[in-house]
Every structure is written in structure tokens, then in C-alpha cells.
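S.K.: File query-v9.cif below, mmCIF, C-alpha atoms:
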data_coords
#
loop_
_atom_site.label_atom_id
_atom_site.label_comp_id
_atom_site.auth_asym_id
_atom_site.auth_seq_id
_atom_site.Cartn_x
_atom_site.Cartn_y
_atom_site.Cartn_z
CA MET G 24 80.81 85.22 84.14
CA ALA G 25 80.03 86.59 87.51
CA ASP G 26 81.84 89.48 89.11
CA LYS G 27 84.19 88.58 91.87
CA LEU G 28 82.97 87.93 95.36
CA VAL G 29 84.50 89.36 98.50
CA PHE G 30 84.91 87.52 101.75
CA ILE G 31 83.29 89.51 104.55
CA GLY G 32 84.93 87.40 107.25
CA THR G 33 85.90 83.94 108.35
CA ILE G 34 84.03 81.16 110.11
CA GLU G 35 85.75 79.61 113.14
CA THR G 36 84.57 76.13 114.03
CA PRO G 37 86.05 73.24 116.08
CA TYR G 38 86.86 71.36 112.85
CA ALA G 39 90.34 71.49 111.35
CA ARG G 40 89.74 68.90 108.63
CA ILE G 41 86.80 68.13 106.38
CA GLU G 42 86.75 64.59 107.81
CA ASP G 43 86.04 66.07 111.25
CA CYS G 44 83.01 68.07 110.14
CA PRO G 45 79.56 66.86 111.12
CA ARG G 46 77.25 65.87 108.31
CA ASN G 47 74.45 68.09 109.48
CA ILE G 48 74.05 71.60 110.71
CA ASP G 49 72.82 71.43 114.31
CA SER G 50 71.55 74.48 116.17
CA ALA G 51 72.40 72.66 119.44
CA GLY G 52 75.98 71.97 118.28
CA PRO G 53 79.24 73.59 119.39
CA LEU G 54 79.81 77.31 119.33
CA CYS G 55 81.06 78.72 116.04
CA ARG G 56 82.22 82.23 115.37
CA LEU G 57 81.49 84.41 112.36
CA ARG G 58 84.48 86.74 112.58
CA ILE G 59 83.70 89.78 110.48
CA GLU G 60 86.42 91.80 108.78
CA GLU G 61 86.70 95.18 110.42
CA ARG G 62 85.63 97.10 107.33
CA PHE G 63 82.36 95.14 107.15
CA VAL G 64 81.44 95.36 110.84
CA PRO G 65 79.16 98.39 110.30
CA GLY G 66 76.90 96.08 108.27
CA LEU G 67 75.94 94.17 111.43
CA LEU G 68 73.91 97.05 112.88
CA GLY G 69 70.45 95.84 113.83
CA LEU G 70 71.21 92.13 114.19
CA GLU G 71 70.35 90.81 117.64
CA ALA G 72 70.92 87.74 119.78
CA GLY G 73 68.08 85.26 119.31
CA GLN G 74 67.39 86.36 115.76
CA SER G 75 67.94 83.73 113.07
CA ILE G 76 70.19 84.42 110.14
CA LEU G 77 70.79 82.90 106.73
CA ILE G 78 74.54 82.38 106.45
CA LEU G 79 76.20 82.01 103.05
CA TYR G 80 79.74 80.68 102.97
CA TRP G 81 82.40 79.45 100.60
CA LEU G 82 82.58 75.67 100.46
CA GLY G 83 86.12 75.06 99.29
CA GLY G 84 87.44 71.64 98.42
CA GLY G 85 84.44 70.23 96.62
CA ASP G 86 84.33 68.69 93.18
CA ARG G 87 83.07 71.33 90.72
CA SER G 88 82.61 68.94 87.81
CA VAL G 89 80.34 66.26 89.24
CA LEU G 90 76.64 66.63 88.40
CA ARG G 91 75.25 63.37 89.76
CA MET G 92 76.22 61.29 92.75
CA ASN G 93 74.85 59.02 95.43
CA SER G 94 73.16 60.74 98.35
CA ARG G 95 74.99 60.19 101.64
CA LYS G 96 71.63 60.07 103.37
CA SER G 97 69.43 57.95 101.16
CA GLY G 98 72.00 56.32 98.90
CA ASP G 99 69.89 57.39 95.92
CA TYR G 100 71.66 58.45 92.76
CA ALA G 101 70.65 62.06 92.19
CA GLY G 102 71.65 65.35 90.63
CA VAL G 103 73.67 67.74 92.73
CA PHE G 104 70.81 70.28 92.61
CA ALA G 105 68.67 67.71 94.42
CA LEU G 106 71.34 67.24 97.11
CA ARG G 107 73.03 69.46 99.71
CA THR G 108 76.48 68.09 98.85
CA PRO G 109 79.39 70.57 98.66
CA ASN G 110 80.19 68.94 95.31
CA ARG G 111 78.33 71.31 93.00
CA PRO G 112 79.12 73.87 90.29
CA ASN G 113 79.24 76.80 92.71
CA PRO G 114 80.75 76.30 96.16
CA ILE G 115 78.21 78.30 98.13
CA GLY G 116 76.90 76.78 101.35
CA ALA G 117 73.80 77.96 103.16
CA ALA G 118 72.65 77.54 106.75
CA VAL G 119 69.96 79.10 108.92
CA LEU G 120 70.86 79.43 112.60
CA PRO G 121 69.93 81.64 115.54
CA ILE G 122 72.44 84.20 116.81
CA GLU G 123 73.84 83.17 120.20
CA SER G 124 75.61 86.47 120.75
CA ILE G 125 76.90 89.40 118.79
CA ASP G 126 79.62 91.94 119.47
CA GLU G 127 81.88 94.34 117.64
CA SER G 128 83.98 91.69 115.96
CA GLY G 129 81.31 89.29 114.88
CA VAL G 130 78.52 86.87 115.54
CA THR G 131 78.42 83.58 117.47
CA VAL G 132 76.13 80.73 116.41
CA ARG G 133 76.02 76.99 117.12
CA GLY G 134 76.49 73.96 114.96
CA LEU G 135 77.90 74.94 111.58
CA ASP G 136 79.27 72.03 109.58
CA CYS G 137 82.31 73.55 107.87
CA ILE G 138 86.04 73.58 108.66
CA SER G 139 87.54 76.41 110.64
CA GLY G 140 88.73 79.15 108.34
CA THR G 141 85.84 78.84 105.90
CA PRO G 142 85.31 82.18 104.17
CA LEU G 143 82.07 83.96 104.94
CA LEU G 144 80.11 85.53 102.07
CA ASP G 145 76.93 86.96 103.54
CA ILE G 146 74.57 87.19 106.48
CA LYS G 147 70.89 87.89 105.82
CA PRO G 148 68.09 88.04 108.35
CA ALA G 149 66.11 84.81 108.09
CA ILE G 150 62.49 85.34 107.29
CA GLN G 151 59.37 83.66 108.63
CA ALA G 152 59.75 79.90 108.66
CA GLU G 153 63.45 80.12 107.77
CA ARG G 154 63.94 80.92 111.42
CA SER G 155 65.61 78.54 113.88
CA ILE G 156 65.93 75.68 111.45
CA PRO G 157 68.45 72.92 112.01
CA GLN G 158 69.66 72.08 108.54
CA GLU G 159 71.49 69.34 106.77
CA ARG G 160 73.84 69.84 103.91
CA MET P 21 89.56 86.09 96.97
CA ALA P 22 87.01 83.62 95.91
CA ASP P 23 87.27 81.42 92.87
CA LYS P 24 85.03 82.39 90.05
CA LEU P 25 81.42 81.40 90.00
CA VAL P 26 79.63 79.89 87.05
CA PHE P 27 76.11 80.66 86.01
CA ILE P 28 74.11 77.44 85.76
CA GLY P 29 71.24 79.13 83.94
CA THR P 30 69.04 82.17 83.71
CA ILE P 31 65.86 83.21 85.51
CA GLU P 32 62.98 84.35 83.32
CA THR P 33 60.43 86.56 85.08
CA PRO P 34 57.78 89.03 83.88
CA TYR P 35 59.99 91.97 84.94
CA ALA P 36 62.18 93.78 82.43
CA ARG P 37 63.29 96.55 84.77
CA ILE P 38 64.25 96.64 88.43
CA GLU P 39 61.50 99.21 88.99
CA ASP P 40 58.96 96.60 87.85
CA CYS P 41 60.06 93.95 90.32
CA PRO P 42 57.86 93.21 93.33
CA ARG P 43 59.38 93.91 96.72
CA ASN P 44 58.62 90.48 98.06
CA ILE P 45 58.95 86.94 96.89
CA ASP P 46 55.45 85.48 96.64
CA SER P 47 54.81 81.78 96.13
CA ALA P 48 51.41 82.71 94.68
CA GLY P 49 52.95 85.17 92.21
CA PRO P 50 53.43 84.87 88.44
CA LEU P 51 55.19 81.93 86.86
CA CYS P 52 58.97 82.25 86.58
CA ARG P 53 61.32 79.96 84.77
CA LEU P 54 64.70 78.68 85.90
CA ARG P 55 66.19 77.90 82.49
CA ILE P 56 69.14 75.59 83.06
CA GLU P 57 72.13 75.53 80.71
CA GLU P 58 72.18 72.28 78.84
CA ARG P 59 75.45 71.13 80.35
CA PHE P 60 74.02 71.46 83.88
CA VAL P 61 70.66 69.76 83.22
CA PRO P 62 71.89 66.37 84.50
CA GLY P 63 72.16 67.98 87.94
CA LEU P 64 68.35 68.26 88.15
CA LEU P 65 67.83 64.51 88.52
CA GLY P 66 65.68 63.78 91.54
CA LEU P 67 63.97 67.16 91.86
CA GLU P 68 60.18 66.89 91.68
CA ALA P 69 57.15 69.12 91.31
CA GLY P 70 55.83 70.16 94.72
CA GLN P 71 59.24 70.01 96.34
CA SER P 72 60.62 73.28 97.67
CA ILE P 73 64.00 74.54 96.62
CA LEU P 74 66.47 77.12 97.85
CA ILE P 75 67.38 79.24 94.83
CA LEU P 76 70.59 81.28 94.79
CA TYR P 77 70.93 83.95 92.12
CA TRP P 78 73.10 86.83 91.08
CA LEU P 79 71.66 90.19 92.10
CA GLY P 80 73.25 92.56 89.64
CA GLY P 81 72.86 96.30 89.84
CA GLY P 82 73.15 96.76 93.58
CA ASP P 83 75.48 99.07 95.44
CA ARG P 84 78.45 97.03 96.70
CA SER P 85 79.89 99.75 98.90
CA VAL P 86 76.96 100.64 101.14
CA LEU P 87 76.98 99.02 104.59
CA ARG P 88 74.08 100.79 106.27
CA MET P 89 70.80 102.08 104.89
CA ASN P 90 67.17 102.62 105.75
CA SER P 91 64.96 99.56 105.60
CA ARG P 92 62.27 99.84 102.91
CA LYS P 93 59.93 97.98 105.23
CA SER P 94 60.42 99.52 108.64
CA GLY P 95 62.31 102.69 107.75
CA ASP P 96 64.88 101.77 110.40
CA TYR P 97 68.51 102.57 109.72
CA ALA P 98 70.32 99.23 109.75
CA GLY P 99 73.32 97.33 108.48
CA VAL P 100 72.97 95.50 105.18
CA PHE P 101 73.48 92.15 106.98
CA ALA P 102 70.31 92.90 108.95
CA LEU P 103 68.39 93.63 105.73
CA ARG P 104 67.46 91.66 102.60
CA THR P 105 68.43 94.53 100.33
CA PRO P 106 70.34 93.72 97.11
CA ASN P 107 72.77 96.47 98.16
CA ARG P 108 75.35 94.34 99.96
CA PRO P 109 79.00 93.31 99.53
CA ASN P 110 78.15 90.13 97.64
CA PRO P 111 75.28 90.16 95.16
CA ILE P 112 73.81 86.78 96.01
CA GLY P 113 70.04 86.56 96.38
CA ALA P 114 68.21 83.68 98.05
CA ALA P 115 64.63 82.48 97.82
CA VAL P 116 62.76 79.35 98.88
CA LEU P 117 59.89 78.35 96.59
CA PRO P 118 58.06 75.18 95.63
CA ILE P 119 58.60 73.67 92.18
CA GLU P 120 55.53 74.14 89.98
CA SER P 121 56.84 71.91 87.22
CA ILE P 122 60.11 70.53 85.96
CA ASP P 123 61.21 69.33 82.55
CA GLU P 124 64.38 68.78 80.56
CA SER P 125 65.22 72.45 80.17
CA GLY P 126 64.52 73.68 83.64
CA VAL P 127 62.25 74.36 86.54
CA THR P 128 59.14 76.54 86.88
CA VAL P 129 58.33 78.33 90.14
CA ARG P 130 56.11 81.26 91.10
CA GLY P 131 56.83 84.70 92.40
CA LEU P 132 60.53 85.47 92.18
CA ASP P 133 61.36 89.14 92.62
CA CYS P 134 64.21 89.65 90.15
CA ILE P 135 64.41 90.98 86.60
CA SER P 136 64.24 88.61 83.68
CA GLY P 137 67.69 87.46 82.67
CA THR P 138 69.00 87.24 86.22
CA PRO P 139 71.82 84.68 86.34
CA LEU P 140 71.14 81.54 88.34
CA LEU P 141 73.86 80.23 90.69
CA ASP P 142 72.44 77.23 92.46
CA ILE P 143 69.42 75.14 93.34
CA LYS P 144 69.41 73.18 96.60
CA PRO P 145 66.61 71.09 98.04
CA ALA P 146 65.01 73.08 100.84
CA ILE P 147 65.11 71.34 104.18
CA GLN P 148 62.50 71.04 106.92
CA ALA P 149 60.97 74.41 107.69
CA GLU P 150 62.67 76.06 104.71
CA ARG P 151 59.89 74.47 102.67
CA SER P 152 57.10 76.46 101.05
CA ILE P 153 58.09 79.78 102.53
CA PRO P 154 57.03 83.02 100.93
CA GLN P 155 59.98 85.32 101.43
CA GLU P 156 60.79 88.96 101.33
CA ARG P 157 64.06 90.38 100.20
#
Translate this structure into C-alpha cells?

M.R.:
Amino acid sequence: MADKLVFIGTIETPYARIEDCPRNIDSAGPLCRLRIEERFVPGLLGLEAGQSILILYWLGGGDRSVLRMNSRKSGDYAGVFALRTPNRPNPIGAAVLPIESIDESGVTVRGLDCISGTPLLDIKPAIQAERSIPQER
Amino acid sequence: MADKLVFIGTIETPYARIEDCPRNIDSAGPLCRLRIEERFVPGLLGLEAGQSILILYWLGGGDRSVLRMNSRKSGDYAGVFALRTPNRPNPIGAAVLPIESIDESGVTVRGLDCISGTPLLDIKPAIQAERSIPQER
């Protein structure tokens, strides 16, 4: 078993309920805030507006037992490791988005697909072609 | 606090010690095996050779308390969220690599940067420009 994770902050989005969330990440979507817990703020040093980041977050509410399901996009029956569904053994979501702005309490991006209050796990600088990618889940 | 994670398998690489690991992920590197636990194998349905996947894995051995350090690449002093270092609050590594081959016990890729025995957390289909990206950590 894995060690425990810590939440480094919280994601604020316009979406209060899972039903309200868009199906796709959209770098032209509404502003979303990665609010960083004060004790982790020093870890932001060096990130800059315009830079793209890989965001890892905690996808609560999914089904942890399902291993195959129908794709929402194609309708195909597939394994969860071949899909971006939040229904998967580990509830970790991933998105690559450019930084709109950054200040002492966190980072603003556009177009995340999760409910407001989603716990934030990690920010990594996106590398090469990871950059500025609209993504689907 | 987060729920617990489960390990869906183990990554087999040529590297027994952290000191042996390459600094960068390299899609032309040596073969590495994502050995999937039998109970999670049904989740692979639909993945195919040639397709690129986002691999999430458990980066043991890092320093969980450090928030700023010098970049191994540039030498710059930066926050861990601006670096790909395994020294970060949550030990989750990420790589995007194409599938070399796939069979009933797992997936083969090239050029992961972790030690053999690294726990595997997730496989997601890589999307758009995530595909076929050599990555650094």
C-alpha cells in the first residue's frame, strides 16, 4: 500500500455539482483557481504566467471497482486504463493547462473540468509537447 | 486527507538503484515492463501497441519536506512545483510514452526513468499533443 498523500491546495471552479462539470478540459474555458495551502506556497517559486503545467488532482466520487465501461465519447466498451473516466482504481486526474496568472496564494488557469473544492495533489512544469494542450478526461 | 491509493502493478526497468536511473525519460531507451496485477488486467481492454499512454507511478525515496531546491538541469533555485524532481509533497511521477507491445500480463514501453519495482498507479490514454513525447523529470 502506498503512503498517504497530502493535499497541497484546493481547486476552485464554477461547478458545484459533478453534473455541471464540462466533459472536456478546455484551455479557453472559465477561470479556475489553484488555491495553494500557505505552507506549500514556497514551492511555486519559478512558475510563470504563460508557462504550461501538469496538474494532478483528486477525483472524488468515482467508482473504484469498475474496470470496464462504455466510453462516453465513442460508446465503445473498454477498460478504464484506455479511458479518461474518473471511474478507475486510483482517483487521480491529470490536466495540462497554461498559467493565466500567479500570485502569492496560488495559480489561475482556464477550463478545468472538476467540481469546486477538488483537492489538488501536484503541479509540475509541463515539458515539450505537453505544453498548452486542451485535454479531455 | 486522501483515501488510500492502490497499486495496479509494478514497473520493471533495468535499474536496481536510484543512482543507476537516467535523468530523463527517453522513448528510445531500454524496454520497461508495466506488469499489471491480475485483478486489474481487464482494465487494459482497448489499449493498443503504438498508442501513447500517460503513466502515473509512485516515486518512493524522495524528500517530502523540501519545497525549494536547485534544478539539476539549469542550476536555478526553484520551487518543487516548478521542477520535475521526485522531491515533492506527493510522490507521484508522470510520463507519456508509446506502447511497444501489450499482452495479458501488461504493457511494454521504452525509457522510463525509475528503479525496477516502482509501484504503478494508473495508465491513461494520452490525448492530442501528449502523444509520443519524450519527457524529463

S.K.: What residues come out when you apply the PyMOL selection byres ((chain G) within 7 of (chain P)) to this file, written as number ranges by chain?

M.R.: G: 24-25, 27-30, 65-70, 90-91, 101-107, 112-113, 144-148, 150, 152-153, 156, 158

S.K.: Could I have chain G as a tab-separated table (two decimals) with C-alpha atoms, in the coordinates of the input after it is superimposed on chain P by least squares, pairing all C-alpha atoms in sequence order?

M.R.:
chain	number	residue	atom	x	y	z
G	24	MET	CA	89.57	86.18	96.97
G	25	ALA	CA	87.02	83.66	95.96
G	26	ASP	CA	87.27	81.48	92.90
G	27	LYS	CA	85.02	82.42	90.06
G	28	LEU	CA	81.41	81.41	90.00
G	29	VAL	CA	79.63	79.89	87.04
G	30	PHE	CA	76.10	80.66	86.00
G	31	ILE	CA	74.11	77.43	85.75
G	32	GLY	CA	71.24	79.12	83.93
G	33	THR	CA	69.04	82.15	83.70
G	34	ILE	CA	65.88	83.21	85.51
G	35	GLU	CA	62.98	84.35	83.32
G	36	THR	CA	60.44	86.55	85.06
G	37	PRO	CA	57.77	89.03	83.85
G	38	TYR	CA	59.99	91.95	84.94
G	39	ALA	CA	62.17	93.77	82.43
G	40	ARG	CA	63.31	96.55	84.76
G	41	ILE	CA	64.26	96.63	88.42
G	42	GLU	CA	61.50	99.20	88.99
G	43	ASP	CA	58.95	96.60	87.86
G	44	CYS	CA	60.06	93.94	90.33
G	45	PRO	CA	57.88	93.22	93.34
G	46	ARG	CA	59.38	93.93	96.72
G	47	ASN	CA	58.64	90.49	98.06
G	48	ILE	CA	58.96	86.95	96.88
G	49	ASP	CA	55.45	85.49	96.64
G	50	SER	CA	54.82	81.79	96.13
G	51	ALA	CA	51.39	82.72	94.69
G	52	GLY	CA	52.95	85.18	92.21
G	53	PRO	CA	53.43	84.85	88.45
G	54	LEU	CA	55.19	81.93	86.85
G	55	CYS	CA	58.96	82.25	86.58
G	56	ARG	CA	61.31	79.94	84.77
G	57	LEU	CA	64.70	78.68	85.89
G	58	ARG	CA	66.19	77.89	82.49
G	59	ILE	CA	69.14	75.59	83.06
G	60	GLU	CA	72.12	75.53	80.72
G	61	GLU	CA	72.18	72.27	78.83
G	62	ARG	CA	75.45	71.11	80.36
G	63	PHE	CA	74.01	71.45	83.88
G	64	VAL	CA	70.66	69.76	83.22
G	65	PRO	CA	71.88	66.37	84.51
G	66	GLY	CA	72.15	67.99	87.95
G	67	LEU	CA	68.35	68.26	88.16
G	68	LEU	CA	67.83	64.51	88.52
G	69	GLY	CA	65.67	63.78	91.55
G	70	LEU	CA	63.96	67.17	91.87
G	71	GLU	CA	60.18	66.89	91.70
G	72	ALA	CA	57.14	69.11	91.32
G	73	GLY	CA	55.84	70.17	94.73
G	74	GLN	CA	59.25	70.00	96.35
G	75	SER	CA	60.61	73.29	97.68
G	76	ILE	CA	64.00	74.54	96.62
G	77	LEU	CA	66.48	77.11	97.85
G	78	ILE	CA	67.38	79.24	94.83
G	79	LEU	CA	70.58	81.28	94.78
G	80	TYR	CA	70.92	83.94	92.12
G	81	TRP	CA	73.09	86.83	91.06
G	82	LEU	CA	71.65	90.18	92.09
G	83	GLY	CA	73.25	92.55	89.63
G	84	GLY	CA	72.87	96.30	89.83
G	85	GLY	CA	73.14	96.77	93.56
G	86	ASP	CA	75.47	99.07	95.43
G	87	ARG	CA	78.45	97.02	96.67
G	88	SER	CA	79.87	99.74	98.90
G	89	VAL	CA	76.95	100.64	101.15
G	90	LEU	CA	76.98	99.00	104.59
G	91	ARG	CA	74.08	100.79	106.27
G	92	MET	CA	70.81	102.08	104.92
G	93	ASN	CA	67.18	102.63	105.78
G	94	SER	CA	64.96	99.57	105.63
G	95	ARG	CA	62.28	99.82	102.94
G	96	LYS	CA	59.93	97.98	105.26
G	97	SER	CA	60.45	99.52	108.66
G	98	GLY	CA	62.33	102.68	107.76
G	99	ASP	CA	64.90	101.77	110.42
G	100	TYR	CA	68.53	102.56	109.75
G	101	ALA	CA	70.32	99.22	109.77
G	102	GLY	CA	73.32	97.31	108.50
G	103	VAL	CA	72.97	95.49	105.21
G	104	PHE	CA	73.48	92.15	106.99
G	105	ALA	CA	70.30	92.89	108.95
G	106	LEU	CA	68.38	93.61	105.74
G	107	ARG	CA	67.44	91.65	102.60
G	108	THR	CA	68.42	94.55	100.32
G	109	PRO	CA	70.32	93.72	97.10
G	110	ASN	CA	72.74	96.46	98.17
G	111	ARG	CA	75.34	94.34	99.96
G	112	PRO	CA	78.98	93.30	99.53
G	113	ASN	CA	78.13	90.13	97.62
G	114	PRO	CA	75.25	90.16	95.14
G	115	ILE	CA	73.78	86.78	96.01
G	116	GLY	CA	70.02	86.55	96.39
G	117	ALA	CA	68.21	83.68	98.06
G	118	ALA	CA	64.62	82.48	97.83
G	119	VAL	CA	62.75	79.35	98.88
G	120	LEU	CA	59.89	78.34	96.60
G	121	PRO	CA	58.03	75.18	95.63
G	122	ILE	CA	58.60	73.68	92.18
G	123	GLU	CA	55.52	74.13	89.98
G	124	SER	CA	56.85	71.90	87.23
G	125	ILE	CA	60.11	70.53	85.96
G	126	ASP	CA	61.23	69.31	82.56
G	127	GLU	CA	64.38	68.77	80.56
G	128	SER	CA	65.22	72.43	80.16
G	129	GLY	CA	64.52	73.67	83.62
G	130	VAL	CA	62.26	74.36	86.54
G	131	THR	CA	59.16	76.55	86.89
G	132	VAL	CA	58.34	78.33	90.15
G	133	ARG	CA	56.10	81.26	91.10
G	134	GLY	CA	56.82	84.70	92.42
G	135	LEU	CA	60.52	85.47	92.18
G	136	ASP	CA	61.36	89.14	92.62
G	137	CYS	CA	64.21	89.65	90.15
G	138	ILE	CA	64.40	90.97	86.58
G	139	SER	CA	64.22	88.59	83.66
G	140	GLY	CA	67.68	87.45	82.67
G	141	THR	CA	69.00	87.22	86.22
G	142	PRO	CA	71.81	84.66	86.34
G	143	LEU	CA	71.13	81.54	88.34
G	144	LEU	CA	73.85	80.23	90.67
G	145	ASP	CA	72.43	77.21	92.47
G	146	ILE	CA	69.40	75.13	93.34
G	147	LYS	CA	69.41	73.17	96.60
G	148	PRO	CA	66.61	71.09	98.05
G	149	ALA	CA	65.00	73.09	100.85
G	150	ILE	CA	65.08	71.34	104.16
G	151	GLN	CA	62.46	71.05	106.88
G	152	ALA	CA	60.93	74.41	107.67
G	153	GLU	CA	62.67	76.06	104.71
G	154	ARG	CA	59.93	74.49	102.65
G	155	SER	CA	57.16	76.49	100.97
G	156	ILE	CA	58.15	79.80	102.48
G	157	PRO	CA	57.08	83.06	100.89
G	158	GLN	CA	60.04	85.33	101.40
G	159	GLU	CA	60.85	88.98	101.30
G	160	ARG	CA	64.12	90.41	100.18

S.K.: Using only C-alpha atoms, can you tell me which of G:Leu57, G:Ala51, G:Ala39, G:Ser75 comes closest to G:Val130?

M.R.: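 Counting only C-alpha atoms, the residue closest to G:Val130 is G:Leu57.
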
S.K.: Return the single residue from G:Thr36, G:Ile122, G:Gly85, G:Gly98 that is closest to G:Asn110, with distances computed using all atoms listed in the file.

M.R.: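 Checking each candidate against G:Asn110, we get G:Gly85 as the closest.
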
S.K.: Around (88.2, 69.9, 108.0) in the file's frame, which residues reach within 10 Å when counting all atoms listed in the file? Return as a ChimeraX atom specification?

M.R.: /G:36-45,84,136-141

S.K.: One number please: atom CA of G:Lys96 to atom CA of G:Gly52, in Å, one decimal.

M.R.: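 Separation between atom CA of G:Lys96 and atom CA of G:Gly52: 19.6 Å.
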
S.K.: Can you work out the spacing between atom CA of P:Ala69 and atom CA of P:Val129 in Å, to one decimal?

M.R.: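 Calculated distance between atom CA of P:Ala69 and atom CA of P:Val129 is 9.4 Å.
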
S.K.: How many Å lie between atom CA of P:Leu117 and atom CA of P:Arg43, rounded to one decimal?

M.R.: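 Taking atom CA of P:Leu117 and atom CA of P:Arg43, their separation equals 15.6 Å.
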
S.K.: Around all listed atoms of stretch 94-113 of chain P, padded 5 Å per side, what centre and edge lengths does the axis-aligned box have in Å to one decimal, as lines of an AutoDock Vina configuration file?

M.R.:
center_x = 69.7
center_y = 94.6
center_z = 102.8
size_x = 28.6
size_y = 26.1
size_z = 25.2

S.K.: Report as a PyMOL selection string the full result of the PyMOL selection byres ((chain P and resi 126) around 8) when it is applied to this structure.

M.R.: chain P and resi 53-56+61+122-125+127-128

S.K.: Have a look at P:Pro106, P:Ser47, P:Ala115, P:Arg92 and name the one nearest to P:Leu140; count only C-alpha atoms.

M.R.: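 For P:Leu140, the nearest of the given residues is P:Ala115.
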
S.K.: Export stretch 65-84 of chain P from the structure block above, keeping N, CA, C and O atoms, as a PDB file, in the first residue's frame.

M.R.:
ATOM      1  N   LEU P  65      -8.310  -3.432 -21.582  1.00  0.00           N
ATOM      2  CA  LEU P  65      -9.039  -3.632 -22.840  1.00  0.00           C
ATOM      3  C   LEU P  65      -9.127  -2.348 -23.650  1.00  0.00           C
ATOM      4  O   LEU P  65      -9.601  -1.319 -23.164  1.00  0.00           O
ATOM      5  N   GLY P  66      -8.683  -2.413 -24.890  1.00  0.00           N
ATOM      6  CA  GLY P  66      -8.784  -1.262 -25.778  1.00  0.00           C
ATOM      7  C   GLY P  66      -7.459  -0.542 -25.986  1.00  0.00           C
ATOM      8  O   GLY P  66      -7.327   0.223 -26.939  1.00  0.00           O
ATOM      9  N   LEU P  67      -6.492  -0.774 -25.113  1.00  0.00           N
ATOM     10  CA  LEU P  67      -5.162  -0.200 -25.348  1.00  0.00           C
ATOM     11  C   LEU P  67      -4.463  -0.991 -26.454  1.00  0.00           C
ATOM     12  O   LEU P  67      -4.611  -2.205 -26.544  1.00  0.00           O
ATOM     13  N   GLU P  68      -3.684  -0.297 -27.279  1.00  0.00           N
ATOM     14  CA  GLU P  68      -3.064  -0.944 -28.428  1.00  0.00           C
ATOM     15  C   GLU P  68      -1.615  -0.511 -28.599  1.00  0.00           C
ATOM     16  O   GLU P  68      -1.243   0.619 -28.254  1.00  0.00           O
ATOM     17  N   ALA P  69      -0.818  -1.392 -29.151  1.00  0.00           N
ATOM     18  CA  ALA P  69       0.573  -1.048 -29.475  1.00  0.00           C
ATOM     19  C   ALA P  69       0.585   0.188 -30.368  1.00  0.00           C
ATOM     20  O   ALA P  69      -0.250   0.335 -31.263  1.00  0.00           O
ATOM     21  N   GLY P  70       1.529   1.089 -30.116  1.00  0.00           N
ATOM     22  CA  GLY P  70       1.642   2.312 -30.901  1.00  0.00           C
ATOM     23  C   GLY P  70       0.950   3.493 -30.252  1.00  0.00           C
ATOM     24  O   GLY P  70       1.330   4.646 -30.480  1.00  0.00           O
ATOM     25  N   GLN P  71      -0.056   3.205 -29.451  1.00  0.00           N
ATOM     26  CA  GLN P  71      -0.790   4.260 -28.749  1.00  0.00           C
ATOM     27  C   GLN P  71       0.066   4.814 -27.608  1.00  0.00           C
ATOM     28  O   GLN P  71       0.778   4.064 -26.939  1.00  0.00           O
ATOM     29  N   SER P  72      -0.022   6.089 -27.362  1.00  0.00           N
ATOM     30  CA  SER P  72       0.730   6.651 -26.237  1.00  0.00           C
ATOM     31  C   SER P  72      -0.122   6.736 -24.985  1.00  0.00           C
ATOM     32  O   SER P  72      -1.325   6.985 -25.046  1.00  0.00           O
ATOM     33  N   ILE P  73       0.525   6.491 -23.869  1.00  0.00           N
ATOM     34  CA  ILE P  73      -0.166   6.473 -22.589  1.00  0.00           C
ATOM     35  C   ILE P  73       0.518   7.406 -21.594  1.00  0.00           C
ATOM     36  O   ILE P  73       1.724   7.600 -21.624  1.00  0.00           O
ATOM     37  N   LEU P  74      -0.323   7.962 -20.739  1.00  0.00           N
ATOM     38  CA  LEU P  74       0.166   8.714 -19.576  1.00  0.00           C
ATOM     39  C   LEU P  74       0.270   7.723 -18.429  1.00  0.00           C
ATOM     40  O   LEU P  74      -0.710   7.088 -18.052  1.00  0.00           O
ATOM     41  N   ILE P  75       1.467   7.573 -17.898  1.00  0.00           N
ATOM     42  CA  ILE P  75       1.752   6.601 -16.844  1.00  0.00           C
ATOM     43  C   ILE P  75       1.964   7.361 -15.539  1.00  0.00           C
ATOM     44  O   ILE P  75       2.779   8.292 -15.486  1.00  0.00           O
ATOM     45  N   LEU P  76       1.214   6.988 -14.514  1.00  0.00           N
ATOM     46  CA  LEU P  76       1.414   7.581 -13.183  1.00  0.00           C
ATOM     47  C   LEU P  76       2.003   6.528 -12.272  1.00  0.00           C
ATOM     48  O   LEU P  76       1.510   5.394 -12.225  1.00  0.00           O
ATOM     49  N   TYR P  77       3.052   6.881 -11.543  1.00  0.00           N
ATOM     50  CA  TYR P  77       3.715   5.882 -10.705  1.00  0.00           C
ATOM     51  C   TYR P  77       4.175   6.500  -9.398  1.00  0.00           C
ATOM     52  O   TYR P  77       4.171   7.720  -9.220  1.00  0.00           O
ATOM     53  N   TRP P  78       4.531   5.625  -8.489  1.00  0.00           N
ATOM     54  CA  TRP P  78       4.823   6.020  -7.117  1.00  0.00           C
ATOM     55  C   TRP P  78       6.324   6.198  -6.951  1.00  0.00           C
ATOM     56  O   TRP P  78       7.077   5.241  -6.959  1.00  0.00           O
ATOM     57  N   LEU P  79       6.733   7.453  -6.765  1.00  0.00           N
ATOM     58  CA  LEU P  79       8.153   7.788  -6.687  1.00  0.00           C
ATOM     59  C   LEU P  79       8.650   7.707  -5.252  1.00  0.00           C
ATOM     60  O   LEU P  79       8.749   8.716  -4.558  1.00  0.00           O
ATOM     61  N   GLY P  80       8.950   6.503  -4.809  1.00  0.00           N
ATOM     62  CA  GLY P  80       9.439   6.359  -3.443  1.00  0.00           C
ATOM     63  C   GLY P  80      10.821   6.982  -3.274  1.00  0.00           C
ATOM     64  O   GLY P  80      11.533   7.264  -4.231  1.00  0.00           O
ATOM     65  N   GLY P  81      11.193   7.199  -2.041  1.00  0.00           N
ATOM     66  CA  GLY P  81      12.568   7.589  -1.744  1.00  0.00           C
ATOM     67  C   GLY P  81      12.862   9.069  -1.820  1.00  0.00           C
ATOM     68  O   GLY P  81      13.964   9.495  -1.493  1.00  0.00           O
ATOM     69  N   GLY P  82      11.904   9.869  -2.234  1.00  0.00           N
ATOM     70  CA  GLY P  82      12.160  11.303  -2.305  1.00  0.00           C
ATOM     71  C   GLY P  82      12.014  11.978  -0.948  1.00  0.00           C
ATOM     72  O   GLY P  82      11.567  11.367   0.019  1.00  0.00           O
ATOM     73  N   ASP P  83      12.388  13.226  -0.928  1.00  0.00           N
ATOM     74  CA  ASP P  83      12.262  14.047   0.278  1.00  0.00           C
ATOM     75  C   ASP P  83      10.917  14.756   0.214  1.00  0.00           C
ATOM     76  O   ASP P  83      10.671  15.549  -0.691  1.00  0.00           O
ATOM     77  N   ARG P  84      10.038  14.468   1.157  1.00  0.00           N
ATOM     78  CA  ARG P  84       8.676  15.039   1.137  1.00  0.00           C
ATOM     79  C   ARG P  84       8.600  16.424   1.786  1.00  0.00           C
ATOM     80  O   ARG P  84       7.543  17.045   1.750  1.00  0.00           O
TER      81      ARG P  84
END
